[in-house]
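Just work-v4.cif here, mmCIF, C-alpha atoms:
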data_my_file
loop_
_atom_site.label_atom_id
_atom_site.label_comp_id
_atom_site.auth_asym_id
_atom_site.auth_seq_id
_atom_site.Cartn_x
_atom_site.Cartn_y
_atom_site.Cartn_z
CA PRO A 1 -151.46 21.28 216.62
CA LEU A 2 -153.22 19.78 219.61
CA GLY A 3 -153.97 22.48 222.16
CA SER A 4 -153.09 25.34 219.84
CA LYS A 5 -155.47 28.17 219.05
CA THR A 6 -154.21 28.57 215.49
CA ALA A 7 -154.64 26.12 212.67
CA GLN A 8 -151.74 25.11 210.45
CA ASN A 9 -152.03 23.76 206.93
CA THR A 10 -150.42 20.46 206.09
CA ASP A 11 -149.92 18.36 203.00
CA ALA A 12 -150.40 14.65 203.66
CA ARG A 13 -151.26 11.51 201.75
CA ILE A 14 -152.98 8.52 203.30
CA ILE A 15 -151.97 5.01 202.27
CA ALA A 16 -154.23 2.23 203.48
CA ALA A 17 -153.81 -1.51 203.07
CA THR A 18 -156.21 -4.34 203.77
CA ASN A 19 -156.54 -8.04 203.12
CA VAL A 20 -160.33 -7.89 202.64
CA ALA A 21 -162.39 -6.72 199.67
CA LEU A 22 -163.67 -3.36 200.88
CA ASP A 23 -166.34 -3.10 198.16
CA ASP A 24 -167.85 -6.34 199.48
CA ARG A 25 -167.68 -4.98 203.04
CA VAL A 26 -169.44 -1.78 201.93
CA ALA A 27 -172.19 -3.84 200.24
CA ALA A 28 -172.63 -5.78 203.50
CA SER A 29 -172.75 -2.50 205.48
CA ALA A 30 -169.64 -3.56 207.38
CA PHE A 31 -167.51 -0.64 206.14
CA ARG A 32 -168.45 3.03 205.78
CA GLU A 33 -169.24 3.91 202.17
CA ASP A 34 -167.96 7.50 202.44
CA LEU A 35 -164.63 6.32 203.82
CA PHE A 36 -164.40 3.71 201.05
CA TYR A 37 -164.72 6.39 198.36
CA ARG A 38 -162.18 8.63 200.08
CA LEU A 39 -159.67 5.76 200.08
CA GLN A 40 -160.55 4.63 196.56
CA VAL A 41 -158.49 7.29 194.71
CA VAL A 42 -155.75 4.91 193.54
CA LYS A 43 -156.25 1.20 194.01
CA ILE A 44 -153.29 -1.15 193.72
CA HIS A 45 -153.91 -4.88 193.92
CA LEU A 46 -150.88 -6.75 195.20
CA PRO A 47 -151.48 -10.49 195.27
CA PRO A 48 -150.17 -12.49 198.24
CA LEU A 49 -146.81 -14.23 197.97
CA ARG A 50 -148.40 -17.66 197.52
CA GLU A 51 -149.94 -16.40 194.24
CA ARG A 52 -146.65 -15.12 192.84
CA PRO A 53 -143.99 -17.77 193.46
CA GLU A 54 -141.92 -16.41 190.56
CA ASP A 55 -141.06 -13.41 192.80
CA LEU A 56 -139.68 -15.61 195.58
CA ARG A 57 -136.04 -15.77 194.42
CA ASP A 58 -135.81 -11.98 193.98
CA LEU A 59 -137.52 -11.37 197.32
CA VAL A 60 -135.14 -13.74 199.09
CA GLN A 61 -132.13 -11.94 197.61
CA ALA A 62 -133.48 -8.50 198.53
CA LEU A 63 -134.46 -9.56 202.05
CA LEU A 64 -131.13 -11.31 202.66
CA ALA A 65 -129.26 -8.18 201.56
CA ARG A 66 -131.17 -6.19 204.19
CA ILE A 67 -130.72 -8.92 206.83
CA ASN A 68 -126.97 -9.14 206.10
CA HIS A 69 -126.71 -5.39 206.60
CA ASP A 70 -128.81 -5.31 209.77
CA LEU A 71 -127.21 -8.36 211.42
CA ARG A 72 -123.75 -7.72 209.97
CA SER A 73 -123.84 -11.31 208.73
CA GLY A 74 -122.32 -12.63 205.55
CA ILE A 75 -124.86 -14.98 204.02
CA THR A 76 -123.66 -15.35 200.43
CA HIS A 77 -124.95 -18.80 199.49
CA ILE A 78 -128.37 -20.41 199.60
CA GLU A 79 -128.77 -24.12 199.00
CA GLU A 80 -131.09 -24.90 196.11
CA ALA A 81 -133.03 -27.15 198.51
CA VAL A 82 -133.76 -24.08 200.66
CA LEU A 83 -135.26 -22.28 197.67
CA ASP A 84 -137.29 -25.41 196.87
CA CYS A 85 -138.62 -25.48 200.44
CA LEU A 86 -139.46 -21.79 200.37
CA HIS A 87 -141.25 -22.31 197.05
CA ASP A 88 -143.27 -25.27 198.41
CA TYR A 89 -144.51 -23.40 201.49
CA GLY A 90 -147.86 -21.54 201.36
CA TRP A 91 -146.76 -18.35 203.22
CA PRO A 92 -149.94 -17.53 205.15
CA GLY A 93 -148.03 -14.63 206.77
CA ASN A 94 -146.99 -13.35 203.34
CA VAL A 95 -143.69 -11.46 202.83
CA ARG A 96 -143.38 -10.62 206.53
CA GLU A 97 -143.33 -14.34 207.39
CA LEU A 98 -140.71 -14.95 204.69
CA GLU A 99 -138.56 -12.17 206.11
CA ASN A 100 -138.85 -13.60 209.64
CA ALA A 101 -137.93 -17.10 208.40
CA LEU A 102 -134.85 -15.73 206.63
CA LEU A 103 -133.92 -13.62 209.65
CA LYS A 104 -134.07 -16.66 211.91
CA ALA A 105 -132.05 -18.76 209.48
CA ALA A 106 -129.40 -16.05 209.10
CA ALA A 107 -129.15 -15.61 212.86
CA LEU A 108 -128.67 -19.35 213.37
CA SER A 109 -126.23 -19.81 210.51
CA ALA A 110 -122.65 -20.43 211.59
CA GLY A 111 -121.30 -19.86 208.09
CA ASN A 112 -122.16 -18.05 204.93
CA THR A 113 -124.67 -20.58 203.61
CA LEU A 114 -128.38 -21.02 204.38
CA THR A 115 -129.29 -24.68 204.71
CA VAL A 116 -132.65 -26.42 205.05
CA ASP A 117 -132.04 -27.31 208.70
CA LEU A 118 -131.98 -23.58 209.55
CA LEU A 119 -135.52 -23.01 208.27
CA PRO A 120 -138.44 -22.87 210.73
CA PRO A 121 -140.13 -26.24 211.35
CA GLU A 122 -143.38 -25.18 209.65
CA VAL A 123 -141.46 -24.44 206.44
CA GLN A 124 -139.49 -27.69 206.67
CA ALA A 125 -142.72 -29.66 207.21
CA ASN A 126 -143.80 -29.06 203.60
CA CYS A 127 -140.34 -29.64 202.22
CA THR A 128 -139.20 -32.77 200.45
CA ARG A 129 -135.74 -33.51 199.19
CA ARG A 130 -135.78 -33.37 195.43
CA GLY A 131 -132.91 -35.80 194.90
CA ASP A 132 -133.89 -38.24 197.63
CA SER A 133 -135.17 -41.56 196.31
CA GLN A 134 -137.84 -41.77 199.00
CA ALA A 135 -138.64 -38.02 198.94
CA ARG A 136 -139.90 -38.07 202.52
CA PRO A 137 -140.71 -34.90 204.43
CA LEU A 138 -137.65 -33.80 206.39
CA ARG A 139 -139.43 -33.68 209.74
CA ASN A 140 -140.45 -37.36 209.44
CA ARG A 141 -136.97 -38.51 208.55
CA LEU A 142 -135.05 -39.99 211.48
CA ALA A 143 -131.31 -40.39 211.10
CA SER A 144 -128.43 -41.33 213.32
CA LEU A 145 -126.13 -38.62 214.58
CA ALA A 146 -123.31 -39.95 212.37
CA GLU A 147 -125.57 -39.84 209.30
CA MET A 148 -126.70 -36.30 210.10
CA GLU A 149 -123.10 -35.23 210.62
CA ARG A 150 -122.06 -36.76 207.29
CA GLU A 151 -124.95 -35.09 205.46
CA HIS A 152 -124.13 -31.76 207.08
CA VAL A 153 -120.46 -32.01 206.06
CA GLU A 154 -121.56 -32.88 202.51
CA ARG A 155 -123.94 -29.90 202.44
CA VAL A 156 -121.20 -27.54 203.63
CA LEU A 157 -118.74 -28.94 201.08
CA HIS A 158 -121.30 -28.58 198.34
CA ALA A 159 -122.16 -25.02 199.42
CA THR A 160 -118.48 -24.02 199.39
CA ALA A 161 -117.89 -25.64 195.98
CA TRP A 162 -115.72 -28.25 197.72
CA HIS A 163 -113.29 -25.64 199.07
CA ARG A 164 -111.96 -27.59 202.05
CA GLY A 165 -110.47 -24.59 203.86
CA GLU A 166 -113.73 -22.63 203.76
CA ALA A 167 -115.69 -25.77 204.71
CA CYS A 168 -113.38 -26.32 207.71
CA GLU A 169 -114.00 -22.74 208.89
CA ILE A 170 -117.76 -23.23 208.69
CA LEU A 171 -117.69 -26.65 210.35
#
Do you think you could lay out the structure here as structure tokens?
Amino acid sequence: PLGSKTAQNTDARIIAATNVALDDRVAASAFREDLFYRLQVVKIHLPPLRERPEDLRDLVQALLARINHDLRSGITHIEEAVLDCLHDYGWPGNVRELENALLKAAALSAGNTLTVDLLPPEVQANCTRRGDSQARPLRNRLASLAEMEREHVERVLHATAWHRGEACEIL
């Protein structure tokens, strides 16, 4: 311990993560070779989220379970359009950015359903409505308040499987 005159043995393992190729950095003399070999005992390559979109649905479910527990929220439904938007986005911030987007959406949600309008603007910017005949990006679509209200009511009804009582509670 710091300041002690006697040494104590300890058993520790070091886990290091990086988003750069350390072997290339060693070759360019930008990373210490001895440290590289000390860290190189077990190497696990985990590709970024944008390279494994098939994991997105499972990640969303796992992250929402944690968010529901932490926020004491009850998000039980996710619109298919939300999953489409999440799939279309590039996720430069990787899983941490996905978790923050879901956290924000859950915090803003008044009901038990995540809708596209709850997603951060940068995620919505790459999102197009699959069933829309014009398939315009959501951020470029201007609608009247009455039209937005009607669409929101329809989304809530759809999310609650047309259960009017539950839809009324959410609305």
Starting from the displayed file, determine the output of the PyMOL selection byres ((chain A and resi 36-43) around 12) and express the residue list as number ranges by chain.
A: 13-18, 21-27, 29-35, 44-46
One number please: atom CA of A:Leu86 to atom CA of A:Val20, in Å, one decimal.
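Calculated distance between atom CA of A:Leu86 and atom CA of A:Val20 is 25.2 Å.
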Can you give me, as a ChimeraX atom specification, the residues this file yields under the PyMOL selection byres ((chain A and resi 121) around 12)?
/A:85-86,89,101,104-105,116-120,122-127,137-140
List the residues selected by the PyMOL selection byres ((chain A and resi 79) around 9) in the file shown, writing them as a PyMOL selection string.
chain A and resi 77-78+80-84+113-116+155+158-159
Residues at most 6 Å from stretch 48-62 of chain A, counting all atoms listed in the file, excluding those fewer than 2 positions away in the same chain, as a VMD selection string?
chain A and resid 64 to 65 90 to 91 94
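Proximity of A:Glu97, A:Ala110, A:His87, A:Thr76 to A:Thr160, computed with only C-alpha atoms, is greatest for A:Thr76.
The space between atom CA of A:His152 and atom CA of A:Arg72 spans 24.2 Å.
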